[in-house]
Amino acid sequence: MAEPVMEELEFLVEILGRHPTDSLKKIAEEEDIDYYRLKRLYDKYYGKYLTVNASYNLRLIGLKSFVAFLSVPPEELMEVVDRIAANPFIGYINPAFGFKNGLSLIIYVPADQTDKIDDLLSRYSRDYEYYEVRAYPYSGDDNFGRWTLSYDYAVLMDILKVDARTPITEIARRLGKTRPTVRFMINRLKEEGILVGFVPLIDMNIHDRGVIGLTKSLNEEVLERFREYEITVGVLPSYGYLLEWFFSSKEDLGSKILEFSNYVDKLLIEYFDTFKELNDMKYTKRLSGMVKKDGSGYHSILDF
């Protein structure tokens, strides 16, 4: 696959940020740009380096987000990953090396099951740590809902999370419903505040490495200092803050560690490309794997 031209990719991200689900013809008309130029860029990058994904308020459907870091001996790594992969509540799995050598995980846990996390992680490692993660800045809202929708909504939400530009006709076919019913379901998710919006995201084909840092206090200067990098901030209510920088393996890893380590207390390196195919597969059936098919709520995180 040819290397992307970042100016073109960033242009497409900006356009789709304003018109996430509109047709290309409508976008071209509203932005007063050449339709064929837009289509060439779209065909070149969309689905390869970029997709538009639905963003959800997980709090309203009763899910808490956690990051976990596990020590796993190298000779046991693949066997442990195979077992973790069967659990839909574990969203992402990446090799990680630093304050823990083994794996980093993102886990989505029903609010009434947080007492089971130790039982879950102890299946895979005797040495682990985990932290709840909230969006930055933290609103302080600790009121969590629960799953009250039918199973079809979980399937719909997975489809929109993978690619929000999936045609309504295709979604209707996959759900076995009519197009008006699918539109009603999407509007209901919006009206209830569960579906927050649609966001264009660059795929990890661009960023195949990450530096995760944990810090008890956040020096907001770091956001300005590294504004040229892809960087995210999360709030860890029990600890402090999580900083994650994304970059390419073509960049100098040593210099990244030296730069970032000045701003955090703990640091590790993640490798996104190692289990990318596995993570992409898990991504397509996340909520539909968590929710019971009778729609009565979530499975136990220990069921898998």
# chains A, B, ... in the order shown; residues from 1 in each chain; ligands from 1
>>> select_by_dssp(residues="stretch 160-285 of chain A", states="alpha helix (DSSP H)", output="ChimeraX atom specification")
/A:160-162,168-175,179-191,221-225,253-260,276-283
>>> residues_around(residues="stretch 192-202 of chain A", least_positions_apart="2", cutoff="8 Å", atoms="only C-alpha atoms", output="VMD selection string")
chain A and resid 13 16 to 17 20 to 21 49 to 58 60 to 61 164 186 188 to 190 204 206
>>> closest_residue(among="A:Ile171, A:Leu41, A:Ile84, A:Leu121", to="A:Leu70", atoms="only C-alpha atoms")
A:Leu121
>>> residues_around(residues="stretch 124-128 of chain A", least_positions_apart="5", cutoff="12 Å", atoms="only C-alpha atoms", output="list of chain:residue names")
A:Val67, A:Ala68, A:Phe69, A:Leu70, A:Ser71, A:Val72, A:Pro73, A:Glu76, A:Leu77, A:Met78, A:Glu79, A:Val80, A:Val81, A:Asp82, A:Arg83, A:Ile84, A:Ala85, A:Phe99, A:Lys100, A:Asn101, A:Gly102, A:Leu103, A:Ser104, A:Leu105, A:Ile117, A:Asp118, A:Asp119
>>> closest_residue(among="A:Phe246, A:Asn94, A:Val264, A:Pro4", to="A:Ser217", atoms="only C-alpha atoms")
A:Val264
>>> atom_distance(atom1="atom CA of A:Gly47", atom2="atom CA of A:Ile159")
13.7 Å
>>> atom_distance(atom1="atom CA of A:Glu244", atom2="atom CA of A:Val109")
21.2 Å
